[in-house]
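Listing of start23.pdb; format and content: PDB, N, CA and C atoms.
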ATOM      1  N   MET A   1       0.852  -1.183   0.000
ATOM      2  CA  MET A   1       0.000   0.000   0.000
ATOM      3  C   MET A   1       0.892   1.237   0.000
ATOM      4  N   PRO A   2       0.688   2.185  -0.942
ATOM      5  CA  PRO A   2       1.524   3.388  -0.983
ATOM      6  C   PRO A   2       1.300   4.262   0.250
ATOM      7  N   THR A   3       2.373   4.846   0.724
ATOM      8  CA  THR A   3       2.266   5.678   1.915
ATOM      9  C   THR A   3       2.257   7.167   1.601
ATOM     10  N   ASP A   4       2.999   7.575   0.550
ATOM     11  CA  ASP A   4       3.093   9.007   0.299
ATOM     12  C   ASP A   4       2.139   9.504  -0.786
ATOM     13  N   THR A   5       1.770   8.681  -1.727
ATOM     14  CA  THR A   5       0.822   9.081  -2.774
ATOM     15  C   THR A   5      -0.211   7.993  -2.954
ATOM     16  N   THR A   6      -1.367   8.378  -3.352
ATOM     17  CA  THR A   6      -2.442   7.425  -3.608
ATOM     18  C   THR A   6      -2.795   7.491  -5.084
ATOM     19  N   THR A   7      -2.852   6.356  -5.711
ATOM     20  CA  THR A   7      -3.197   6.281  -7.123
ATOM     21  C   THR A   7      -4.698   6.083  -7.241
ATOM     22  N   ILE A   8      -5.334   6.952  -8.008
ATOM     23  CA  ILE A   8      -6.771   6.823  -8.252
ATOM     24  C   ILE A   8      -6.932   6.322  -9.673
ATOM     25  N   ASN A   9      -7.617   5.226  -9.811
ATOM     26  CA  ASN A   9      -7.809   4.599 -11.105
ATOM     27  C   ASN A   9      -9.241   4.875 -11.565
ATOM     28  N   LEU A  10      -9.397   5.841 -12.458
ATOM     29  CA  LEU A  10     -10.728   6.207 -12.943
ATOM     30  C   LEU A  10     -10.939   5.699 -14.359
ATOM     31  N   ASN A  11     -12.119   5.197 -14.608
ATOM     32  CA  ASN A  11     -12.505   4.810 -15.956
ATOM     33  C   ASN A  11     -13.173   6.028 -16.588
ATOM     34  N   THR A  12     -12.362   6.926 -17.129
ATOM     35  CA  THR A  12     -12.913   8.177 -17.662
ATOM     36  C   THR A  12     -13.794   7.952 -18.882
ATOM     37  N   LYS A  13     -13.500   6.918 -19.662
ATOM     38  CA  LYS A  13     -14.343   6.620 -20.817
ATOM     39  C   LYS A  13     -15.739   6.192 -20.341
ATOM     40  N   GLY A  14     -15.790   5.355 -19.309
ATOM     41  CA  GLY A  14     -17.069   4.918 -18.755
ATOM     42  C   GLY A  14     -17.839   6.055 -18.123
ATOM     43  N   VAL A  15     -17.133   6.957 -17.452
ATOM     44  CA  VAL A  15     -17.781   8.118 -16.838
ATOM     45  C   VAL A  15     -18.389   8.992 -17.917
ATOM     46  N   ALA A  16     -17.668   9.232 -18.999
ATOM     47  CA  ALA A  16     -18.182  10.073 -20.083
ATOM     48  C   ALA A  16     -19.390   9.432 -20.757
ATOM     49  N   GLN A  17     -19.365   8.110 -20.918
ATOM     50  CA  GLN A  17     -20.477   7.417 -21.572
ATOM     51  C   GLN A  17     -21.724   7.394 -20.699
ATOM     52  N   ASN A  18     -21.559   7.476 -19.399
ATOM     53  CA  ASN A  18     -22.694   7.385 -18.483
ATOM     54  C   ASN A  18     -22.994   8.707 -17.792
ATOM     55  N   SER A  19     -22.640   9.806 -18.422
ATOM     56  CA  SER A  19     -22.928  11.129 -17.877
ATOM     57  C   SER A  19     -24.037  11.772 -18.702
ATOM     58  N   TYR A  20     -24.970  12.416 -18.012
ATOM     59  CA  TYR A  20     -26.109  13.035 -18.680
ATOM     60  C   TYR A  20     -26.292  14.448 -18.165
ATOM     61  N   ASP A  21     -26.834  15.298 -19.025
ATOM     62  CA  ASP A  21     -27.160  16.660 -18.617
ATOM     63  C   ASP A  21     -28.460  16.685 -17.824
ATOM     64  N   ALA A  22     -29.372  15.749 -18.151
ATOM     65  CA  ALA A  22     -30.678  15.711 -17.483
ATOM     66  C   ALA A  22     -31.145  14.268 -17.398
ATOM     67  N   ILE A  23     -31.846  13.953 -16.317
ATOM     68  CA  ILE A  23     -32.461  12.636 -16.150
ATOM     69  C   ILE A  23     -33.945  12.868 -15.888
ATOM     70  N   VAL A  24     -34.792  12.245 -16.697
ATOM     71  CA  VAL A  24     -36.241  12.373 -16.568
ATOM     72  C   VAL A  24     -36.770  11.045 -16.050
ATOM     73  N   ILE A  25     -37.543  11.100 -14.975
ATOM     74  CA  ILE A  25     -38.135   9.899 -14.389
ATOM     75  C   ILE A  25     -39.570   9.782 -14.882
ATOM     76  N   GLY A  26     -39.838   8.743 -15.669
ATOM     77  CA  GLY A  26     -41.186   8.497 -16.185
ATOM     78  C   GLY A  26     -41.406   9.132 -17.536
ATOM     79  N   SER A  27     -42.065   8.386 -18.418
ATOM     80  CA  SER A  27     -42.303   8.883 -19.775
ATOM     81  C   SER A  27     -43.773   9.187 -20.016
ATOM     82  N   GLY A  28     -44.475   9.544 -18.955
ATOM     83  CA  GLY A  28     -45.874   9.942 -19.115
ATOM     84  C   GLY A  28     -45.975  11.256 -19.869
ATOM     85  N   ILE A  29     -47.122  11.880 -19.823
ATOM     86  CA  ILE A  29     -47.341  13.100 -20.599
ATOM     87  C   ILE A  29     -46.333  14.189 -20.245
ATOM     88  N   SER A  30     -46.069  14.401 -18.976
ATOM     89  CA  SER A  30     -45.127  15.459 -18.574
ATOM     90  C   SER A  30     -43.683  15.039 -18.783
ATOM     91  N   GLY A  31     -43.350  13.803 -18.411
ATOM     92  CA  GLY A  31     -41.984  13.332 -18.572
ATOM     93  C   GLY A  31     -41.585  13.226 -20.030
ATOM     94  N   GLY A  32     -42.498  12.734 -20.848
ATOM     95  CA  GLY A  32     -42.232  12.623 -22.280
ATOM     96  C   GLY A  32     -42.005  13.986 -22.918
ATOM     97  N   TRP A  33     -42.830  14.942 -22.533
ATOM     98  CA  TRP A  33     -42.693  16.295 -23.072
ATOM     99  C   TRP A  33     -41.390  16.938 -22.581
ATOM    100  N   ALA A  34     -41.079  16.758 -21.310
ATOM    101  CA  ALA A  34     -39.840  17.319 -20.762
ATOM    102  C   ALA A  34     -38.629  16.738 -21.489
ATOM    103  N   ALA A  35     -38.623  15.419 -21.707
ATOM    104  CA  ALA A  35     -37.509  14.781 -22.410
ATOM    105  C   ALA A  35     -37.378  15.309 -23.830
ATOM    106  N   LYS A  36     -38.502  15.475 -24.506
ATOM    107  CA  LYS A  36     -38.500  16.011 -25.870
ATOM    108  C   LYS A  36     -37.894  17.408 -25.909
ATOM    109  N   GLU A  37     -38.330  18.257 -24.998
ATOM    110  CA  GLU A  37     -37.829  19.630 -24.956
ATOM    111  C   GLU A  37     -36.336  19.672 -24.636
ATOM    112  N   LEU A  38     -35.901  18.868 -23.681
ATOM    113  CA  LEU A  38     -34.489  18.841 -23.309
ATOM    114  C   LEU A  38     -33.623  18.366 -24.468
ATOM    115  N   CYS A  39     -34.076  17.318 -25.159
ATOM    116  CA  CYS A  39     -33.324  16.799 -26.308
ATOM    117  C   CYS A  39     -33.249  17.826 -27.428
ATOM    118  N   GLU A  40     -34.352  18.501 -27.676
ATOM    119  CA  GLU A  40     -34.366  19.522 -28.731
ATOM    120  C   GLU A  40     -33.435  20.684 -28.412
ATOM    121  N   LYS A  41     -33.187  20.914 -27.135
ATOM    122  CA  LYS A  41     -32.261  21.982 -26.730
ATOM    123  C   LYS A  41     -30.812  21.494 -26.748
ATOM    124  N   GLY A  42     -30.601  20.219 -27.082
ATOM    125  CA  GLY A  42     -29.254  19.689 -27.210
ATOM    126  C   GLY A  42     -28.685  19.038 -25.966
ATOM    127  N   LEU A  43     -29.508  18.828 -24.943
ATOM    128  CA  LEU A  43     -29.016  18.196 -23.727
ATOM    129  C   LEU A  43     -29.005  16.678 -23.885
ATOM    130  N   LYS A  44     -27.971  16.046 -23.355
ATOM    131  CA  LYS A  44     -27.895  14.585 -23.338
ATOM    132  C   LYS A  44     -28.830  14.125 -22.219
ATOM    133  N   THR A  45     -29.923  13.452 -22.603
ATOM    134  CA  THR A  45     -31.019  13.167 -21.681
ATOM    135  C   THR A  45     -31.237  11.665 -21.520
ATOM    136  N   LEU A  46     -31.427  11.239 -20.288
ATOM    137  CA  LEU A  46     -31.744   9.851 -19.970
ATOM    138  C   LEU A  46     -33.174   9.807 -19.452
ATOM    139  N   VAL A  47     -33.992   8.904 -20.012
ATOM    140  CA  VAL A  47     -35.364   8.716 -19.529
ATOM    141  C   VAL A  47     -35.450   7.345 -18.870
ATOM    142  N   LEU A  48     -35.882   7.325 -17.616
ATOM    143  CA  LEU A  48     -36.065   6.072 -16.885
ATOM    144  C   LEU A  48     -37.555   5.766 -16.808
ATOM    145  N   GLU A  49     -37.914   4.559 -17.201
ATOM    146  CA  GLU A  49     -39.316   4.149 -17.199
ATOM    147  C   GLU A  49     -39.434   2.801 -16.515
ATOM    148  N   ARG A  50     -40.394   2.659 -15.638
ATOM    149  CA  ARG A  50     -40.594   1.431 -14.889
ATOM    150  C   ARG A  50     -41.597   0.501 -15.558
ATOM    151  N   GLY A  51     -42.453   1.017 -16.375
ATOM    152  CA  GLY A  51     -43.540   0.229 -16.945
ATOM    153  C   GLY A  51     -43.082  -0.844 -17.917
ATOM    154  N   ARG A  52     -44.019  -1.668 -18.305
ATOM    155  CA  ARG A  52     -43.712  -2.759 -19.231
ATOM    156  C   ARG A  52     -43.470  -2.220 -20.637
ATOM    157  N   HIS A  53     -42.867  -3.046 -21.474
ATOM    158  CA  HIS A  53     -42.642  -2.687 -22.868
ATOM    159  C   HIS A  53     -43.986  -2.728 -23.607
ATOM    160  N   VAL A  54     -44.289  -1.687 -24.340
ATOM    161  CA  VAL A  54     -45.545  -1.598 -25.077
ATOM    162  C   VAL A  54     -45.241  -1.590 -26.569
ATOM    163  N   GLU A  55     -45.861  -2.496 -27.302
ATOM    164  CA  GLU A  55     -45.710  -2.534 -28.755
ATOM    165  C   GLU A  55     -46.871  -1.770 -29.379
ATOM    166  N   HIS A  56     -46.530  -0.829 -30.249
ATOM    167  CA  HIS A  56     -47.533   0.008 -30.892
ATOM    168  C   HIS A  56     -48.536  -0.870 -31.646
ATOM    169  N   VAL A  57     -49.778  -0.548 -31.590
ATOM    170  CA  VAL A  57     -50.943  -1.202 -32.188
ATOM    171  C   VAL A  57     -51.278  -2.505 -31.451
ATOM    172  N   LYS A  58     -50.349  -3.439 -31.326
ATOM    173  CA  LYS A  58     -50.619  -4.734 -30.693
ATOM    174  C   LYS A  58     -51.123  -4.576 -29.255
ATOM    175  N   ASP A  59     -50.546  -3.663 -28.510
ATOM    176  CA  ASP A  59     -50.893  -3.511 -27.097
ATOM    177  C   ASP A  59     -51.989  -2.484 -26.831
ATOM    178  N   TYR A  60     -52.731  -2.104 -27.863
ATOM    179  CA  TYR A  60     -53.872  -1.195 -27.701
ATOM    180  C   TYR A  60     -55.132  -1.908 -28.199
ATOM    181  N   PRO A  61     -55.649  -2.872 -27.438
ATOM    182  CA  PRO A  61     -56.764  -3.679 -27.931
ATOM    183  C   PRO A  61     -58.052  -2.910 -28.152
ATOM    184  N   THR A  62     -58.224  -1.767 -27.511
ATOM    185  CA  THR A  62     -59.475  -1.014 -27.664
ATOM    186  C   THR A  62     -59.325   0.166 -28.633
ATOM    187  N   ALA A  63     -58.211   0.284 -29.292
ATOM    188  CA  ALA A  63     -57.949   1.436 -30.148
ATOM    189  C   ALA A  63     -58.943   1.575 -31.303
ATOM    190  N   THR A  64     -59.399   0.460 -31.842
ATOM    191  CA  THR A  64     -60.291   0.526 -33.003
ATOM    192  C   THR A  64     -61.771   0.405 -32.632
ATOM    193  N   LYS A  65     -62.058   0.315 -31.327
ATOM    194  CA  LYS A  65     -63.457   0.217 -30.895
ATOM    195  C   LYS A  65     -64.080   1.600 -30.797
ATOM    196  N   ALA A  66     -65.383   1.639 -30.865
ATOM    197  CA  ALA A  66     -66.113   2.886 -30.705
ATOM    198  C   ALA A  66     -65.937   3.385 -29.273
ATOM    199  N   PRO A  67     -65.966   4.688 -29.045
ATOM    200  CA  PRO A  67     -65.735   5.256 -27.699
ATOM    201  C   PRO A  67     -66.693   4.700 -26.638
ATOM    202  N   TRP A  68     -67.905   4.330 -27.009
ATOM    203  CA  TRP A  68     -68.856   3.839 -26.026
ATOM    204  C   TRP A  68     -68.654   2.348 -25.708
ATOM    205  N   ASN A  69     -67.749   1.683 -26.428
ATOM    206  CA  ASN A  69     -67.433   0.280 -26.137
ATOM    207  C   ASN A  69     -66.242   0.249 -25.250
TER
END
Go ahead and express the file in the form of structure tokens.
Amino acid sequence: MPTDTTTINLNTKGVAQNSYDAIVIGSGISGGWAAKELCEKGLKTLVLERGRHVEHVKDYPTATKAPWN
């Protein structure tokens, strides 16, 4: 173990790859809009979502039904 100096071993490439200007929690109406605005302003943005994966059309079983059904 060094006594006079300490060597710090940083993975700077990993730090740069995992650094964000903004983190948005949830992709609902507000989170989705916030992420869109941040990205359009050029910020590196991470969106975290807890919900299940949704496939467009397949996972909307009532999309083609009449509103009263």
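Closest to Ser19 of chain A among A:Lys44, A:Cys39, A:Gly32, A:His53 is A:Lys44, based on all atoms listed in the file.
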task = From chain A, collect each residue whose DSSP state is alpha helix (DSSP H) and return the set as a ChimeraX atom specification.
result = /A:12-17,29-40
inquiry  = DSSP on the backbone: which residues in chain A end up as strand (DSSP E or B)? Give the answer as a count of residues only.
reply    = 8
task = Provide the atom CA of Ser30 of chain A to atom CA of Leu48 of chain A distance in Å, to one decimal place.
result = 13.2 Å
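With only N, CA and C atoms as the atoms that count, the residue of A:Thr7, A:Ala35, A:Ser27, A:Val15 with the shortest distance to Gly51 of chain A is A:Ser27.
Comparing the minimum interatomic distances between Ala22 of chain A and each of A:Leu46, A:Asn9, A:Ala34, A:Lys41, counting only N, CA and C atoms, we find that A:Leu46 sits nearest.
Straight-line separation from atom CA of Glu37 of chain A to atom C of Tyr20 of chain A: 14.4 Å.
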Draw an axis-aligned box over all listed atoms of segment 56-61 of chain A, pad each side with 3 Å, and write its centre and edge lengths in Å, one decimal, as AutoDock Vina command-line options.
--center_x -52.3 --center_y -2.4 --center_z -29.5 --size_x 17.5 --size_y 10.7 --size_z 11.4
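As for atom C of Arg50 of chain A and atom N of Thr62 of chain A, they are spaced 20.6 Å apart.
Restricting the calculation to only C-alpha atoms, the smallest distance between Thr45 of chain A and any of A:Gly14, A:Gly31, A:Pro67, A:Tyr60 is found for A:Gly31.
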